[in-house]
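S.K.: There's a structure below that I have some questions on.
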Amino acid sequence: MIKTMTAFTSELDDEKTAIEQISSQLKLEEGLLKNTIGIVVCHYEFILSGIFKAVCDALPFSVVGTISSTQAVNGENGSLLMALTVMTSDTVEFEKIITPSIAEEPAKVIAESYKSRSKSGKPALAIVFAPFILQNCGDDYVNALSEASGGVPCFGTLSVDDTLDFVNCFMLADGEHYRDKMAMILLYGDVKPKFFVANISESRLLEKNAVVTKSAGHVLMEVNERPVIDYFDDLGLVKASETQYAMSSIPFLIDYNDDTPKVSKVFVMLTPEKYAICGGAMPEGSTMYVAMTDKSDVIFTTEEVLEKIRSEIPKASLLLAFSCLTRNMMLGAEQYKEMEMVNEKIGGELPFMMASSGGEICPTKTSDERAVNRFHNNAFVACLI
């Protein structure tokens, strides 16, 4: 059994006030159980102001998490917000792992860090927080951790800020912030997580699909044995593809052709060679579908998943959710709509935390033996613990 508490503060100037607000909401005077860990999401202003470090220094347990551009917990959402979730248990154990730099050879670093864990046995869940590094591919993180762990279910996010060049996309741990390290929380014990993914309605897929015939990680070079720029030309997307993130409303769905659900990816920019840099790996042999999404589809797909989550609430102690920045962009002036929906449908019955994401980590298929972990873009992902 896990007991869960959530708290938030919007205080950016006064450390004492921020600490008092967090402490009073958590009711720490009532005591914690044997094992405790904290998860934090916040705007980078809380790092620059020193509030994040002050709050962490005042808490009697470890805290890890990430920068996000919007965040929410029960009863509150916003941009300039720091949200904290605390899990405490007598029967479930938590192990925190902070990797060395993943700027170079991320797969090797992640695998070695996981294998160095101190607790024995296979974790029931790995919660992952990583910085957004443009030259790295999030699929490499997920694949490395999946292989090293033997298929432990992995759930988490890449950081995202609201700057044009993503300079403040930090991973957070115990008052410190890192631009090039990953954090993992491993849960051991009687934990049976359930996972949910919303991306794009099947009805929004264009009929003109294509097979990826040449790629290198997240760089897409050829489809149907033709340059990818020619494929964009066929669809009338060349002009849009020449501007970074101009195609945020035109994501791809990737079918791995292995009987697992399709996974959404986004186009980021063209290289000088007219290759397409995408938000995740585009594996050769997979089938690529171009989709047209908008605000109404974001709302529809999120609502559909929330109805499924509601039926599982009696068995859970916490809902963690992350939603891609591109979905937030589609919502326009109603940028908090997804968070408001979660609070309305879930918040009155279950502690929850939600944040915007620069890339989502969530299984698409699980079994007793192993999980099929995937790296998503343009998705709303949720984990019931």
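Chain identifiers are assigned as A, B, and so on, following the order in which chains appear in the structure tokens; residues are numbered from 1 within each chain, and ligands are numbered from 1 in order of appearance.
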In region 12-241 of chain A, what's strand (DSSP E or B) per DSSP? Answer as JSON, numbers by chain?

M.R.: {"A": [35, 36, 37, 38, 39, 40, 41, 42, 63, 64, 65, 66, 67, 71, 72, 73, 76, 77, 78, 82, 83, 84, 85, 86, 87, 88, 89, 93, 94, 95, 96, 97, 98, 125, 126, 127, 128, 129, 130, 154, 155, 156, 157, 158, 171, 172, 173, 176, 177, 178, 183, 184, 185, 186, 187, 188, 194, 195, 196, 197, 198, 205, 210, 211, 212, 213, 214, 215, 216, 219, 220, 221, 222, 223, 226, 227]}

S.K.: Can you tell me, as an mmCIF file with N, CA, C and O atoms, in the first residue's frame, which residues in region 245-313 of chain A count as helix (DSSP H, G or I) by DSSP?

M.R.:
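After the write, selection-v9.cif holds the following:
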```
data_model
loop_
_atom_site.group_PDB
_atom_site.id
_atom_site.type_symbol
_atom_site.label_atom_id
_atom_site.label_comp_id
_atom_site.auth_asym_id
_atom_site.auth_seq_id
_atom_site.Cartn_x
_atom_site.Cartn_y
_atom_site.Cartn_z
ATOM 1 N N LYS A 295 -7.442 21.009 -31.905
ATOM 2 C CA LYS A 295 -7.914 21.149 -30.525
ATOM 3 C C LYS A 295 -9.011 20.148 -30.191
ATOM 4 O O LYS A 295 -8.981 19.509 -29.128
ATOM 5 N N SER A 296 -9.972 19.982 -31.078
ATOM 6 C CA SER A 296 -11.098 19.098 -30.770
ATOM 7 C C SER A 296 -10.645 17.656 -30.619
ATOM 8 O O SER A 296 -11.184 16.920 -29.769
ATOM 9 N N ASP A 297 -9.649 17.229 -31.389
ATOM 10 C CA ASP A 297 -9.184 15.847 -31.276
ATOM 11 C C ASP A 297 -8.361 15.647 -30.013
ATOM 12 O O ASP A 297 -8.404 14.576 -29.397
ATOM 13 N N VAL A 298 -7.595 16.657 -29.622
ATOM 14 C CA VAL A 298 -6.868 16.579 -28.349
ATOM 15 C C VAL A 298 -7.856 16.363 -27.207
ATOM 16 O O VAL A 298 -7.687 15.473 -26.357
ATOM 17 N N ILE A 299 -8.904 17.162 -27.181
ATOM 18 C CA ILE A 299 -9.899 17.054 -26.109
ATOM 19 C C ILE A 299 -10.614 15.703 -26.171
ATOM 20 O O ILE A 299 -10.805 15.033 -25.145
ATOM 21 N N PHE A 300 -10.991 15.286 -27.359
ATOM 22 C CA PHE A 300 -11.710 14.018 -27.520
ATOM 23 C C PHE A 300 -10.881 12.833 -27.042
ATOM 24 O O PHE A 300 -11.366 11.978 -26.286
ATOM 25 N N THR A 301 -9.619 12.749 -27.477
ATOM 26 C CA THR A 301 -8.805 11.589 -27.126
ATOM 27 C C THR A 301 -8.447 11.569 -25.643
ATOM 28 O O THR A 301 -8.400 10.498 -25.026
ATOM 29 N N THR A 302 -8.228 12.736 -25.061
ATOM 30 C CA THR A 302 -7.943 12.783 -23.619
ATOM 31 C C THR A 302 -9.172 12.373 -22.815
ATOM 32 O O THR A 302 -9.075 11.597 -21.850
ATOM 33 N N GLU A 303 -10.320 12.875 -23.205
ATOM 34 C CA GLU A 303 -11.560 12.522 -22.490
ATOM 35 C C GLU A 303 -11.830 11.029 -22.579
ATOM 36 O O GLU A 303 -12.258 10.402 -21.604
ATOM 37 N N GLU A 304 -11.559 10.450 -23.728
ATOM 38 C CA GLU A 304 -11.761 9.016 -23.926
ATOM 39 C C GLU A 304 -10.906 8.204 -22.963
ATOM 40 O O GLU A 304 -11.373 7.227 -22.345
ATOM 41 N N VAL A 305 -9.650 8.598 -22.793
ATOM 42 C CA VAL A 305 -8.747 7.890 -21.888
ATOM 43 C C VAL A 305 -9.146 8.110 -20.435
ATOM 44 O O VAL A 305 -9.090 7.190 -19.605
ATOM 45 N N LEU A 306 -9.568 9.324 -20.102
ATOM 46 C CA LEU A 306 -9.943 9.606 -18.715
ATOM 47 C C LEU A 306 -11.131 8.753 -18.269
ATOM 48 O O LEU A 306 -11.220 8.371 -17.094
ATOM 49 N N GLU A 307 -12.032 8.452 -19.182
ATOM 50 C CA GLU A 307 -13.155 7.579 -18.831
ATOM 51 C C GLU A 307 -12.659 6.180 -18.481
ATOM 52 O O GLU A 307 -13.185 5.529 -17.573
ATOM 53 N N LYS A 308 -11.639 5.707 -19.187
ATOM 54 C CA LYS A 308 -11.052 4.398 -18.868
ATOM 55 C C LYS A 308 -10.355 4.446 -17.515
ATOM 56 O O LYS A 308 -10.423 3.491 -16.731
ATOM 57 N N ILE A 309 -9.669 5.545 -17.242
ATOM 58 C CA ILE A 309 -8.962 5.683 -15.964
ATOM 59 C C ILE A 309 -9.945 5.688 -14.798
ATOM 60 O O ILE A 309 -9.699 5.080 -13.747
ATOM 61 N N ARG A 310 -11.062 6.363 -14.973
ATOM 62 C CA ARG A 310 -12.046 6.480 -13.894
ATOM 63 C C ARG A 310 -12.481 5.123 -13.371
ATOM 64 O O ARG A 310 -12.686 4.939 -12.161
ATOM 65 N N ILE A 313 -9.985 3.763 -10.704
ATOM 66 C CA ILE A 313 -9.622 4.584 -9.548
ATOM 67 C C ILE A 313 -9.682 3.832 -8.221
ATOM 68 O O ILE A 313 -8.783 4.001 -7.371
#
```

S.K.: Find the distance between CA of Glu349 (chain A) and CA of Pro314 (chain A) and write it in Å to one decimal.

M.R.: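 Result for CA of Glu349 (chain A) versus CA of Pro314 (chain A): 8.8 Å, one decimal.
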
S.K.: Show which residues sit within 8 Å of Ala72 (chain A), as a list in words. Count only C-alpha atoms, and ignore same-chain residues fewer than 2 positions away.

M.R.: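 Residues meeting the cut-off are Thr70, Asn74, Gly75, Glu76, Asn77, Gly78, Leu81, Ala83, Met339, Met353, Met354 and Ala355 of chain A.
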
S.K.: What's the 6 Å shell around region 188-200 of chain A, counting only C-alpha atoms, without same-chain residues fewer than 2 positions away, as an mmCIF file with N, CA, C and O atoms, in the first residue's frame?

M.R.:
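Once everything was written out, this is around19.cif:
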```
data_model
loop_
_atom_site.group_PDB
_atom_site.id
_atom_site.type_symbol
_atom_site.label_atom_id
_atom_site.label_comp_id
_atom_site.auth_asym_id
_atom_site.auth_seq_id
_atom_site.Cartn_x
_atom_site.Cartn_y
_atom_site.Cartn_z
ATOM 1 N N VAL A 92 6.173 -0.896 0.151
ATOM 2 C CA VAL A 92 6.793 -0.622 -1.150
ATOM 3 C C VAL A 92 8.080 0.155 -0.919
ATOM 4 O O VAL A 92 8.114 1.118 -0.149
ATOM 5 N N GLU A 93 9.158 -0.291 -1.575
ATOM 6 C CA GLU A 93 10.447 0.392 -1.450
ATOM 7 C C GLU A 93 10.716 1.230 -2.692
ATOM 8 O O GLU A 93 10.325 0.875 -3.799
ATOM 9 N N PRO A 123 12.322 -4.519 -10.250
ATOM 10 C CA PRO A 123 11.337 -3.509 -9.847
ATOM 11 C C PRO A 123 9.996 -3.728 -10.535
ATOM 12 O O PRO A 123 9.925 -4.304 -11.628
ATOM 13 N N ALA A 124 8.954 -3.239 -9.913
ATOM 14 C CA ALA A 124 7.622 -3.307 -10.515
ATOM 15 C C ALA A 124 7.401 -2.156 -11.484
ATOM 16 O O ALA A 124 6.548 -2.247 -12.378
ATOM 17 N N THR A 301 -9.619 12.749 -27.477
ATOM 18 C CA THR A 301 -8.805 11.589 -27.126
ATOM 19 C C THR A 301 -8.447 11.569 -25.643
ATOM 20 O O THR A 301 -8.400 10.498 -25.026
ATOM 21 N N THR A 302 -8.228 12.736 -25.061
ATOM 22 C CA THR A 302 -7.943 12.783 -23.619
ATOM 23 C C THR A 302 -9.172 12.373 -22.815
ATOM 24 O O THR A 302 -9.075 11.597 -21.850
ATOM 25 N N ALA A 379 1.548 12.935 -27.332
ATOM 26 C CA ALA A 379 0.683 12.001 -26.600
ATOM 27 C C ALA A 379 0.358 12.520 -25.207
ATOM 28 O O ALA A 379 1.102 13.301 -24.619
ATOM 29 N N PHE A 380 -0.773 12.072 -24.702
ATOM 30 C CA PHE A 380 -1.121 12.166 -23.292
ATOM 31 C C PHE A 380 -0.924 10.781 -22.714
ATOM 32 O O PHE A 380 -1.538 9.819 -23.188
ATOM 33 N N VAL A 381 -0.031 10.653 -21.752
ATOM 34 C CA VAL A 381 0.224 9.340 -21.139
ATOM 35 C C VAL A 381 -0.087 9.422 -19.654
ATOM 36 O O VAL A 381 0.112 10.464 -19.021
ATOM 37 N N ALA A 382 -0.565 8.326 -19.102
ATOM 38 C CA ALA A 382 -0.949 8.306 -17.696
ATOM 39 C C ALA A 382 -0.593 6.969 -17.076
ATOM 40 O O ALA A 382 -0.625 5.923 -17.741
ATOM 41 N N CYS A 383 -0.247 7.008 -15.803
ATOM 42 C CA CYS A 383 0.090 5.803 -15.052
ATOM 43 C C CYS A 383 -0.667 5.832 -13.729
ATOM 44 O O CYS A 383 -0.529 6.777 -12.950
ATOM 45 N N LEU A 384 -1.458 4.798 -13.505
ATOM 46 C CA LEU A 384 -2.098 4.596 -12.205
ATOM 47 C C LEU A 384 -1.214 3.696 -11.362
ATOM 48 O O LEU A 384 -0.821 2.608 -11.798
ATOM 49 N N ILE A 385 -0.883 4.151 -10.174
ATOM 50 C CA ILE A 385 -0.043 3.366 -9.254
ATOM 51 C C ILE A 385 -0.882 2.958 -8.057
ATOM 52 O O ILE A 385 -1.583 3.766 -7.487
#
```
